[in-house]
Amino acid sequence: MAGDEDNNNLQVLNALDVAKTQLYHFTAIVIAGMGFFTDAYDLFSISLVTKLLGRIYYTKPDLLKPGTLPPTVSSSVTGVALVGTLAGQLFFGWLGDKMGRKKVYGITLVLMVVCSIASGLSFGNTPKGVMATLCFFRFWLGFGIGGDYPLSATIMSEYANKKTRGAFIAAVFAMQGFGILFSGIIALIVSAGFDHAYKAPTFAENAALSTVPQSDFIWRIVLMFGALPAGLTYYWRMKMPETARYTALVAKDAKKAARDMGRVLQVEIDPEDAKIEQMSRDETNKFGLFSMEFVRRHGMHLFGTCSTWFLLDIAFYSQNLFQKDVFSAIGWIPPAATMNAVQEVYKISRAQTLIALCSTVPGYWFTVAFIDIIGRFAIQLIGFFFMTVFMFAIALPYHHWTLKENHIGFVVMYSLTFFFANFGPNATTFVVPAEIFPARLRSTCHGISAAAGKAGAIVGVYGFLYAAQNKDPTKTDAGYPAGIGIKNSLIVLGCINALGMICTFCVPEPKGKSLEEASQETISGETGGD
């Protein structure tokens with residue numbers, strides 16, 4: 001089958017499939033990866049400063065504990081970027097198939113840079129005004145980030161060779177780990193600097209003086225820093241040629257595809273105009289996204305990629321964005337009243353940085369190392385299985401983990417759920433949709449799958465925020481109704497992970513296949529031999 005395909009396939013695509021790993025592969029990983037680095041920085045840095053925003057804008061003089069963001073404000077500030085991301089994934093995914101990957105790629109980056117800076121410049125006369133402005137810019141920031149998902153994955157999959165394609169796409173996604181780590185490090189540096197420069201008593205010692213006026217700059221600096229890595233890669237993004245698969249298979253310009261890739265691979269490639277002409281007359285591969293032929297060929301695959309990403313992100317985002325609440329509950333972050341505002345940012349950032357360093361980042365790179373050896377399916381199944389196991393191991397004896405002598409054990413178990421999310425479905429759900437759909441629908445289908453994931457993230461963020469509240473109404477955070485408690489919330493997340501394991505069986509294994517083979521895209525139709 002593969003031999004036939006190589007005979008029928010375009011020479012320019014064969015050249016990409018069998019190309020040795022070269023400098024341009026690593027250049028593409030860095031250029032696409034820096035977008036993902038920025039995405040993760042922007043999406044996860046907000047969780048480091050939400051407690052600070054509560055202290056600055058919602059502390060009332062007569063309160064006995066530091067102010068917190070009201071439920072609707074907290075969920076909006078945290079979740080609005082995810083809503084924007086969902087919309088961006090659908091829109092830019094579709095646009096990437098219509099206009100080409102490269103043209104759209106620059107638009108998303110500009111949007112991310114501008115909105116990162118604008119987020120830090122959110123001003124208003126009232127707390128509500130500041131939060132509304134912040135939410136507005138974070139929505140459009142998310143919209144730009146959303147475009148990066150389908151475009152980065154599609155560009156990398158279409159540039160990569162057959163043998164190491166999984167590792168290359170996973171490496172782009174692995175930059176997300178560094179983005180999460182970098183957000184923690186920047187928040188640590190900024191908060192440590194401000195704490196050193198502006199000494200303040202703890203909230204318990206003097207509530208009014210515990211939040212220095214200058215602390216308003218901290219969250220702004222942290223959010224605006226996200227513009228830097230994105231801005232640095234803009235020039236190189238614009239210099240990347242359009243992918244050969246888009247140019248040849250969608251735009252039907254064989255000469256340009258051969259010329260572009262000949263320059264990149266430094267070889268002479270025959271444009272094969274006759275084959276392109278033959279392909280354009282072939283009716284077998286002209287079905288659209290909403291056709292019965294698509295449902296027959298790829299319906300189950302699209303269900304598999306959407307459902308697994310949806311279920312994963314419910315658990316992954318609720319864990320990630322609310323880890324500070326979990327750490328506070330077990331006492332790893334001290335009670336808010338025993339710290340001033342800046343110290344609280346420092347302690348939350350330290351906890352997130354340690355988790356990222358010890359489990360999040362290594363998990364991503366384990367995937368890069370093993371994805372082309374044991375395959376996407378096995379990694380996803382193993383990841384969901386161990387996420388389920390460790391989540392139940394935390395949740396069922398939850399009281400045991402809240403005891404002071406068991407805190408280290410809890411952090412280890414919690415870290416392992418992150419490790420197996422990243423050496424597991426968090427990476428594979430990103431990789432597979434870029435491989436198993438036809439070139440003319442690849443970016444759109446990846447966008448739909450990613451948007452399903454973000455829908456899960458929104459469910460996780462909004463759901464966990466309310467569900468994790470104490471069952472006793474007198475012990476909930478201000479403005480929240482009683483929830484089911486952290487223990488029961490973690491049990492629910494464990495069940496969701498188990499369901500993800502079942503849905504994994506709907507996803508095919510593209511390891512070792514060319515993109516055309518994996519997507520059942522017959523290049524030269526039924527008359528391929530002549």
# chains A, B, ... in the order shown; residues from 1 in each chain; ligands from 1
>>> select_by_dssp(residues="region 279-369 of chain A", states="helix (DSSP H, G or I)", output="MDAnalysis selection string")
chainID A and resid 279:281 292:321 323:330 336:338 341:369
>>> write_last_selection(atoms="C-alpha atoms", output="compact mmCIF listing (two decimals), in the first residue's frame")
# COMPACT_ATOMS: atom_id res chain seq x y z
CA MET A 279 -5.94 15.33 -9.32
CA SER A 280 -8.10 18.37 -10.02
CA ARG A 281 -10.33 16.22 -12.30
CA MET A 292 -22.07 11.97 3.96
CA GLU A 293 -18.77 10.90 2.42
CA PHE A 294 -16.90 12.85 5.14
CA VAL A 295 -19.09 11.24 7.82
CA ARG A 296 -18.41 7.79 6.35
CA ARG A 297 -14.65 8.28 6.10
CA HIS A 298 -13.89 10.56 9.05
CA GLY A 299 -17.03 10.96 11.19
CA MET A 300 -15.88 8.52 13.87
CA HIS A 301 -12.38 10.02 13.81
CA LEU A 302 -13.71 13.55 14.34
CA PHE A 303 -15.91 12.30 17.18
CA GLY A 304 -12.85 10.64 18.72
CA THR A 305 -10.59 13.70 18.49
CA CYS A 306 -13.34 16.05 19.76
CA SER A 307 -14.56 13.89 22.66
CA THR A 308 -11.10 13.00 24.00
CA TRP A 309 -9.91 16.63 23.83
CA PHE A 310 -13.16 17.83 25.44
CA LEU A 311 -12.88 15.36 28.36
CA LEU A 312 -9.15 15.92 28.83
CA ASP A 313 -9.45 19.71 29.05
CA ILE A 314 -12.21 19.57 31.68
CA ALA A 315 -9.67 17.88 33.97
CA PHE A 316 -6.52 19.59 32.72
CA TYR A 317 -7.66 23.22 32.91
CA SER A 318 -9.56 22.89 36.18
CA GLN A 319 -6.43 21.32 37.68
CA ASN A 320 -4.09 23.92 36.24
CA LEU A 321 -6.04 27.13 36.82
CA GLN A 323 -4.07 24.45 41.66
CA LYS A 324 -3.54 27.48 43.93
CA ASP A 325 -6.90 26.73 45.61
CA VAL A 326 -5.99 23.06 46.06
CA PHE A 327 -2.58 24.01 47.51
CA SER A 328 -4.23 26.49 49.87
CA ALA A 329 -6.73 23.82 50.97
CA ILE A 330 -3.94 21.41 51.98
CA ALA A 336 -4.03 34.62 53.00
CA ALA A 337 -4.16 36.68 56.21
CA THR A 338 -0.61 35.61 57.16
CA ALA A 341 -0.49 40.94 48.79
CA VAL A 342 2.92 40.66 47.11
CA GLN A 343 4.02 37.68 49.22
CA GLU A 344 0.85 35.84 48.18
CA VAL A 345 1.71 36.24 44.48
CA TYR A 346 5.21 34.94 45.27
CA LYS A 347 3.95 31.84 47.11
CA ILE A 348 1.36 30.97 44.42
CA SER A 349 3.98 31.45 41.66
CA ARG A 350 6.48 29.29 43.53
CA ALA A 351 3.98 26.43 43.82
CA GLN A 352 3.04 26.59 40.11
CA THR A 353 6.70 26.84 39.03
CA LEU A 354 7.68 23.78 41.06
CA ILE A 355 4.82 21.72 39.63
CA ALA A 356 5.70 22.87 36.08
CA LEU A 357 9.40 22.12 36.57
CA CYS A 358 8.98 18.71 38.17
CA SER A 359 6.03 17.24 36.26
CA THR A 360 4.49 19.42 33.53
CA VAL A 361 7.62 20.08 31.43
CA PRO A 362 9.10 16.53 31.73
CA GLY A 363 5.74 15.02 30.71
CA TYR A 364 5.70 16.93 27.42
CA TRP A 365 9.22 15.84 26.48
CA PHE A 366 8.56 12.20 27.38
CA THR A 367 5.85 12.37 24.71
CA VAL A 368 8.30 13.88 22.20
CA ALA A 369 10.76 11.04 22.92
>>> residues_around(residues="Phe386 (chain A)", least_positions_apart="6", cutoff="9 Å", atoms="only C-alpha atoms", output="VMD selection string")
chain A and resid 416 to 417 420 to 421 497
>>> closest_residue(among="A:Val459, A:Ala468, A:Ala87, A:Leu181", to="Ile496 (chain A)", atoms="only C-alpha atoms")
A:Val459
>>> residues_around(residues="Pro201 (chain A)", least_positions_apart="2", cutoff="8 Å", atoms="only C-alpha atoms", output="PyMOL selection string")
chain A and resi 199+203+205-206+209-210+339-340
